[in-house]
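J.: Dropping in target.cif, with mmCIF, C-alpha atoms.
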data_final
#
loop_
_atom_site.label_atom_id
_atom_site.label_comp_id
_atom_site.auth_asym_id
_atom_site.auth_seq_id
_atom_site.Cartn_x
_atom_site.Cartn_y
_atom_site.Cartn_z
CA MET A 314 15.36 166.82 126.89
CA GLU A 315 16.92 169.12 124.29
CA LYS A 316 19.97 167.88 122.45
CA GLU A 317 22.14 170.92 123.14
CA LYS A 318 25.58 169.35 123.26
CA LEU A 319 26.10 166.19 121.27
CA LEU A 320 28.98 163.78 121.88
CA THR A 321 30.68 161.42 119.45
CA VAL A 322 30.81 157.68 120.06
CA GLY A 323 34.51 158.03 120.88
CA GLN A 324 33.85 160.65 123.54
CA VAL A 325 31.05 158.57 125.06
CA ALA A 326 33.21 155.43 125.01
CA GLU A 327 36.02 157.22 126.86
CA MET A 328 33.67 158.85 129.32
CA MET A 329 31.86 155.60 130.20
CA ASN A 330 34.83 153.25 129.81
CA LEU A 331 33.01 151.20 127.18
CA PRO A 332 34.30 149.85 123.85
CA LYS A 333 33.05 151.86 120.87
CA SER A 334 32.08 148.60 119.17
CA LYS A 335 29.75 147.74 122.05
CA ILE A 336 28.02 151.13 121.91
CA ARG A 337 27.59 150.82 118.13
CA TYR A 338 26.18 147.32 118.56
CA TRP A 339 23.62 148.49 121.14
CA ASP A 340 22.66 151.31 118.82
CA ASP A 341 22.28 148.89 115.89
CA MET A 342 20.04 146.73 118.10
CA ASN A 343 17.79 149.77 118.61
CA LEU A 344 18.50 150.04 122.31
CA LEU A 345 19.55 153.67 121.83
CA THR A 346 18.12 156.64 119.97
CA SER A 347 21.32 158.37 118.90
CA SER A 348 21.26 161.12 116.29
CA ARG A 349 23.37 161.32 113.14
CA ASN A 350 25.68 164.12 112.14
CA ARG A 351 24.22 165.44 108.88
CA ASP A 352 27.67 166.17 107.45
CA ASN A 353 29.38 162.83 108.02
CA GLY A 354 26.67 160.44 109.23
CA TYR A 355 28.45 159.75 112.53
CA ARG A 356 26.42 158.78 115.59
CA MET A 357 25.93 161.61 118.09
CA PHE A 358 24.77 161.25 121.68
CA ASP A 359 23.14 163.58 124.21
CA MET A 360 22.71 163.37 127.98
CA GLU A 361 19.57 161.25 127.67
CA ASP A 362 21.55 158.76 125.61
CA LEU A 363 24.21 158.64 128.33
CA LEU A 364 21.58 157.78 130.93
CA THR A 365 20.18 155.07 128.66
CA LEU A 366 23.69 153.70 128.06
CA SER A 367 24.28 153.58 131.80
CA ASP A 368 21.12 151.54 132.30
CA ILE A 369 21.94 149.20 129.41
CA ASP A 370 25.46 148.70 130.74
CA PHE A 371 24.05 147.88 134.18
CA TYR A 372 21.68 145.24 132.85
CA ARG A 373 24.21 143.76 130.42
CA ARG A 374 26.78 143.38 133.20
CA LEU A 375 24.17 141.17 134.82
CA ASP A 376 24.09 139.12 131.59
CA ILE A 377 20.47 140.01 130.92
CA PRO A 378 19.82 139.11 127.25
CA ILE A 379 19.53 141.88 124.66
CA ASN A 380 16.04 140.75 123.68
CA LYS A 381 14.83 141.45 127.24
CA MET A 382 16.17 144.99 127.05
CA THR A 383 14.35 146.12 123.92
CA ASN A 384 12.09 149.09 124.72
CA LEU A 385 13.68 149.23 128.15
CA TYR A 386 11.86 152.39 129.21
CA ARG A 387 8.51 151.08 128.04
CA LYS A 388 8.64 148.16 130.47
CA SER A 389 6.45 148.38 133.54
CA PRO A 390 7.96 148.35 137.04
CA GLU A 391 6.55 144.85 137.45
CA GLU A 392 8.37 143.64 134.31
CA LEU A 393 11.66 145.18 135.44
CA TRP A 394 11.23 143.70 138.91
CA ALA A 395 10.64 140.24 137.43
CA ILE A 396 13.77 140.54 135.26
CA LEU A 397 15.88 141.62 138.21
CA ASP A 398 14.40 138.96 140.51
CA GLU A 399 15.20 136.22 137.99
CA THR A 400 18.70 137.64 137.56
CA GLU A 401 19.26 137.86 141.31
CA THR A 402 18.43 134.14 141.65
CA ARG A 403 20.91 133.29 138.89
CA VAL A 404 23.64 135.52 140.35
CA ALA A 405 23.16 133.97 143.80
CA ALA A 406 23.70 130.52 142.28
CA GLU A 407 26.79 131.78 140.45
CA LEU A 408 28.16 133.27 143.67
CA ALA A 409 27.61 129.96 145.47
CA GLU A 410 29.50 128.17 142.69
CA LEU A 411 32.34 130.71 142.83
CA GLU A 412 32.57 130.31 146.61
CA LYS A 413 32.71 126.55 146.11
CA ARG A 414 35.55 126.98 143.61
CA GLN A 415 37.34 129.35 145.97
CA GLN A 416 37.13 126.78 148.76
CA GLY A 417 38.46 124.16 146.34
CA ILE A 418 41.40 126.40 145.47
CA LYS A 419 42.07 127.00 149.15
CA ARG A 420 42.08 123.25 149.87
CA ARG A 421 44.40 122.52 146.94
CA LYS A 422 46.80 125.26 148.02
CA GLU A 423 46.85 123.86 151.54
CA GLN A 424 47.58 120.39 150.17
CA ILE A 425 50.43 121.60 147.97
CA LEU A 426 51.83 123.65 150.84
CA SER A 427 51.83 120.53 153.01
CA LEU A 428 53.76 118.71 150.25
CA ILE A 429 56.35 121.49 150.14
CA GLU A 430 56.71 121.52 153.92
CA LEU A 431 57.02 117.73 154.15
CA LYS A 432 59.70 117.75 151.46
CA GLU A 433 61.66 120.29 153.50
CA LYS A 434 61.08 118.93 157.02
CA GLY A 435 60.92 115.18 156.52
CA PHE A 436 58.88 114.15 159.59
CA THR A 437 56.34 116.29 161.46
CA ASP A 438 53.93 115.69 164.35
CA ASP A 439 50.70 117.07 162.84
CA PRO A 440 47.53 115.27 164.04
CA LEU A 441 45.69 112.76 161.86
CA ASP A 442 42.67 114.28 160.09
CA VAL A 443 41.06 111.04 158.83
CA GLU A 444 38.06 109.66 160.76
CA ARG A 445 37.06 106.60 158.76
CA ILE A 446 38.08 104.76 155.60
CA ILE A 447 35.69 102.85 153.35
CA PRO A 448 36.42 100.81 150.20
CA ILE A 449 36.29 102.53 146.83
CA ASP A 450 32.97 101.79 145.14
CA LEU A 451 33.04 102.90 141.50
CA ASN A 452 29.32 102.14 141.22
CA ASP A 453 28.30 104.62 143.92
CA PRO A 454 27.64 108.01 142.24
CA ASN A 455 27.52 109.87 145.59
CA GLU A 456 30.89 108.48 146.57
CA LEU A 457 32.42 109.33 143.19
CA LYS A 458 30.95 112.82 143.29
CA ASP A 459 32.52 113.35 146.72
CA TYR A 460 35.90 112.20 145.37
CA ILE A 461 35.71 114.33 142.22
CA GLU A 462 34.89 117.43 144.25
CA ASN A 463 37.71 116.75 146.72
CA PRO A 464 40.41 114.31 145.49
CA ALA A 465 42.11 114.60 148.91
CA ASN A 466 39.46 112.11 150.09
CA LEU A 467 41.41 109.39 148.28
CA ILE A 468 43.22 107.43 150.99
CA VAL A 469 45.91 104.75 151.05
CA TYR A 470 46.18 102.43 154.05
CA ASN A 471 48.90 100.03 155.14
CA GLU A 472 48.45 97.81 158.18
CA GLY A 473 52.05 98.37 159.18
CA LYS A 474 53.53 95.09 158.09
CA THR A 475 56.67 94.79 155.99
CA SER A 476 54.61 94.70 152.79
CA LYS A 477 54.84 97.76 150.57
CA GLU A 478 51.30 97.16 149.32
CA PHE A 479 48.66 99.77 150.18
CA ILE A 480 44.89 99.43 150.25
CA TYR A 481 43.00 102.24 148.51
CA GLY A 482 39.86 103.75 149.98
CA PHE A 483 37.90 106.95 150.66
CA SER A 484 38.01 109.20 153.69
CA VAL A 485 34.54 109.84 155.13
CA LYS A 486 33.03 111.08 158.38
CA LYS A 487 32.02 108.45 160.92
CA ASP A 488 28.32 109.08 160.22
CA GLU A 489 28.64 109.05 156.41
CA PHE A 490 28.06 106.04 154.13
CA VAL A 491 27.13 103.99 157.20
CA GLU A 492 26.03 101.09 155.00
CA GLU A 493 29.57 100.74 153.59
CA GLN A 494 32.23 98.41 154.98
CA THR A 495 34.76 100.10 157.25
CA LEU A 496 38.41 99.45 156.41
CA TRP A 497 39.63 101.56 159.33
CA GLN A 498 38.11 103.91 161.87
CA LYS A 499 39.68 106.34 164.28
CA SER A 500 39.49 105.10 167.85
CA ASP A 501 37.75 107.03 170.60
CA GLN A 502 40.69 106.16 172.82
CA PRO A 503 43.48 108.71 173.46
CA GLU A 504 45.37 109.66 170.29
CA LYS A 505 48.23 107.43 169.32
CA ARG A 506 51.56 109.00 168.58
CA ARG A 507 52.05 109.45 164.87
CA LYS A 508 54.67 110.87 162.56
CA GLN A 509 53.65 112.59 159.36
CA PHE A 510 55.74 112.19 156.21
CA LEU A 511 55.51 112.44 152.43
CA LEU A 512 54.63 109.12 150.84
CA THR A 513 55.45 108.68 147.15
CA ILE A 514 53.81 105.93 145.08
CA GLN A 515 54.48 105.28 141.39
CA SER A 516 51.11 105.68 139.66
CA ASP A 517 51.32 102.66 137.35
CA ASN A 518 53.17 100.45 139.83
CA PRO A 519 51.98 101.04 143.43
CA LEU A 520 54.54 98.59 144.85
CA GLU A 521 57.18 101.12 143.86
CA ASN A 522 56.97 103.46 146.84
CA ASN A 523 59.13 104.87 149.63
CA PHE A 524 57.29 103.23 152.55
CA ASN A 525 60.02 100.76 153.49
CA GLN A 526 62.64 103.52 153.41
CA VAL A 527 60.50 105.60 155.76
CA GLN A 528 60.08 102.66 158.14
CA GLN A 529 63.84 102.14 158.13
CA LEU A 530 64.55 105.82 158.85
CA LEU A 531 62.17 105.78 161.81
CA LYS A 532 63.69 102.52 163.07
CA GLU A 533 67.12 104.18 163.01
CA GLN A 534 65.64 106.95 165.17
CA GLY A 535 64.52 104.36 167.71
CA TYR A 536 60.85 104.05 166.72
CA GLN A 537 58.70 101.00 166.19
CA THR A 538 56.21 101.63 163.40
CA GLY A 539 52.62 100.54 162.92
CA PRO A 540 49.78 101.23 160.47
CA ALA A 541 50.05 104.13 158.02
CA ILE A 542 47.31 106.27 156.48
CA GLY A 543 47.94 108.60 153.54
CA ARG A 544 45.74 111.37 152.14
CA TYR A 545 46.20 112.18 148.44
CA ILE A 546 47.86 115.49 147.57
CA MET A 547 48.72 115.49 143.87
CA THR A 548 50.37 113.65 140.98
CA ALA A 549 53.50 114.89 139.22
CA GLU A 550 56.01 113.62 136.68
CA ASP A 551 59.52 112.90 137.95
CA LYS A 552 62.84 113.34 136.11
CA GLU A 553 62.58 109.85 134.63
CA GLY A 554 59.16 110.61 133.14
CA ARG A 555 57.27 108.47 135.66
CA TYR A 556 54.05 109.70 137.25
CA ILE A 557 54.29 109.83 141.03
CA ASP A 558 51.36 110.14 143.44
CA PHE A 559 52.10 112.14 146.59
CA TYR A 560 50.32 111.46 149.88
CA LYS A 561 50.37 113.30 153.20
CA THR A 562 50.80 110.24 155.40
CA TRP A 563 50.63 109.44 159.12
CA ILE A 564 52.34 106.41 160.60
CA ASP A 565 51.87 105.07 164.12
CA VAL A 566 55.10 105.15 166.12
CA LYS A 567 56.27 104.25 169.62
CA LYS A 568 59.60 103.91 171.39
#
I need this file expressed as structure tokens, please.

T.:
Amino acid sequence: MEKEKLLTVGQVAEMMNLPKSKIRYWDDMNLLTSSRNRDNGYRMFDMEDLLTLSDIDFYRRLDIPINKMTNLYRKSPEELWAILDETETRVAAELAELEKRQQGIKRRKEQILSLIELKEKGFTDDPLDVERIIPIDLNDPNELKDYIENPANLIVYNEGKTSKEFIYGFSVKKDEFVEEQTLWQKSDQPEKRRKQFLLTIQSDNPLENNFNQVQQLLKEQGYQTGPAIGRYIMTAEDKEGRYIDFYKTWIDVKK
């Protein structure tokens, strides 16, 4: 291809929406065959260079290493196919990880939204979404991995007595961790009536919580209260500088 009209690095950068520094770097790495202006020594590019730049940009956007792109047009179709196949496998894994992160963001947003709504509404009638509670086992890597990936699986449980003390456990499906002790399991009988509320527990002193106040409020509304189950939402610092754990919590009620 004859080099009839030559373009400067600035013109190429603007045309292809690429930083000039990146084009110069690729040229320095011998990925391009740009000419030099005899008068000032500036790099000059023709249409063939633009096509090469487009290919390099495509491969670099896929994070294919520079050393695999040397002599790009001398590579056989089989070599290019192998590079792209390896890259496709990596990109698929990255997409799966991004989707996992997106789902994590979605769950966290839903949790925080539930906190906001419970703050505004007080009590709601949303159904319980916990199937089974098992004790926390810090020596079980699978259990810890499940918690780290979804902290909302941290559960607090109170048997409904006057005590403010809560038992801590993990939320699991009925058919998960079957070898573990069951602290509580959802009955197959018709759903009990439950009220949902926002439970607050002081992080470094769990006995400092609002459970008794909630029981009293429900008693004033004519309810008898039973066991309570809370699913972790988040931790935040209050005005006094104390760390408070927030739980979306269901409490059994009847009149």

J.: Excluding Val485 of chain A and its own-chain neighbours fewer than 6 positions away, which residues fall within 9 Å of it when counting only C-alpha atoms? Please give them as number ranges by chain.

T.: A: 443-447, 466

J.: What lies within 12 Å of Ile418 of chain A using all atoms listed in the file, ignoring chain neighbours under 6 positions off, as a VMD selection string?

T.: chain A and resid 411 to 412 424 to 425 462 to 463

J.: Can you write out the residues you just picked, keeping C-alpha atoms, as a PDB file, keeping the file's coordinate frame?

T.:
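Everything below was put into result_24.pdb:
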ATOM      1  CA  LEU A 411      32.340 130.710 142.830  1.00  0.00           C
ATOM      2  CA  GLU A 412      32.570 130.310 146.610  1.00  0.00           C
ATOM      3  CA  GLN A 424      47.580 120.390 150.170  1.00  0.00           C
ATOM      4  CA  ILE A 425      50.430 121.600 147.970  1.00  0.00           C
ATOM      5  CA  GLU A 462      34.890 117.430 144.250  1.00  0.00           C
ATOM      6  CA  ASN A 463      37.710 116.750 146.720  1.00  0.00           C
TER       7      ASN A 463
END

J.: Here is a test: counting all atoms listed in the file, which residue of A:Pro390, A:Gly482, A:Pro454, A:Gly323 is nearest to Ile468 of chain A?

T.: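 Ranked by minimum distance to Ile468 of chain A, first place goes to A:Gly482.
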
J.: Skip Lys335 of chain A itself and residues of its chain fewer than 6 positions away, then list as a list in words all residues within 10 Å of it, counting all atoms listed in the file.

T.: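 Neighbouring residues, sequence-local ones excluded: Ala326, Asp341 and Asp370 of chain A.
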
J.: Nearest residue to Asn523 of chain A out of A:Tyr372, A:Phe358, A:Phe479, A:Trp339, using all atoms listed in the file?

T.: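 Under the stated criterion, the closest residue is A:Phe479.
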
J.: To one decimal place in Å, what is the distance between atom CA of Gln416 of chain A and atom CA of Ser484 of chain A?

T.: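 So the two atoms, atom CA of Gln416 of chain A and atom CA of Ser484 of chain A, lie 18.3 Å apart.
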
J.: What separation in Å, quoted to one decimal, exists between atom CA of Ser516 of chain A and atom CA of Lys422 of chain A?

T.: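 Computing it gives 21.7 Å between the two atoms.
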
J.: Give me, please, the distance in Å between atom CA of Leu363 of chain A and atom CA of Thr400 of chain A, quoted to one decimal.

T.: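 Taking atom CA of Leu363 of chain A and atom CA of Thr400 of chain A, their separation equals 23.6 Å.
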
J.: Check the smallest atom-to-atom distance from each of A:Lys477, A:Lys567, A:Lys505, A:Lys432 to Thr538 of chain A using only C-alpha atoms, then report the winner.

T.: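 Ranking A:Lys477, A:Lys567, A:Lys505, A:Lys432 by distance to Thr538 of chain A, first place goes to A:Lys567.
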
J.: What's around Gln515 of chain A at 8 Å? Count only C-alpha atoms, leave out sequence neighbours fewer than 5 positions away in its own chain, and write the answer as a list in words.

T.: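 My reading of the contact set: Leu520, Glu521, Asn522, Arg555, Tyr556, Ile557 and Asp558 of chain A.
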
J.: Considering all atoms listed in the file, return as a ChimeraX atom specification whatever protein or nucleic-acid residues lie within 12 Å of Glu423 of chain A, sequence-local ones (same chain, fewer than 5 positions apart) excluded.

T.: /A:416-418,428-430,465,546-547,561

J.: Which of these residues is nearest to Asp340 of chain A, using only C-alpha atoms: A:Ala406, A:Leu366, A:Ile396, A:Leu511?

T.: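 For Asp340 of chain A, the nearest of the candidates is A:Leu366.
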
J.: Taking (57.3, 116.3, 159.9) in the file's own coordinates, collect the residues within 12 Å, counting all atoms listed in the file, and hand them back as a PyMOL selection string.

T.: chain A and resi 427-440+507-512+527+531+561-564

J.: When distances are computed from only C-alpha atoms, which of A:Ile480, A:Lys499, A:Asp565, A:Arg544 shows the smallest separation from Leu467 of chain A?

T.: A:Arg544

J.: Output as AutoDock Vina command-line options the centre and edge lengths (Å, one decimal) of the box along x, y and z of the file that holds every listed atom of segment 384-387 of chain A after adding 4 Å on each side.

T.:
--center_x 11.1 --center_y 150.7 --center_z 127.0 --size_x 13.2 --size_y 11.3 --size_z 12.5
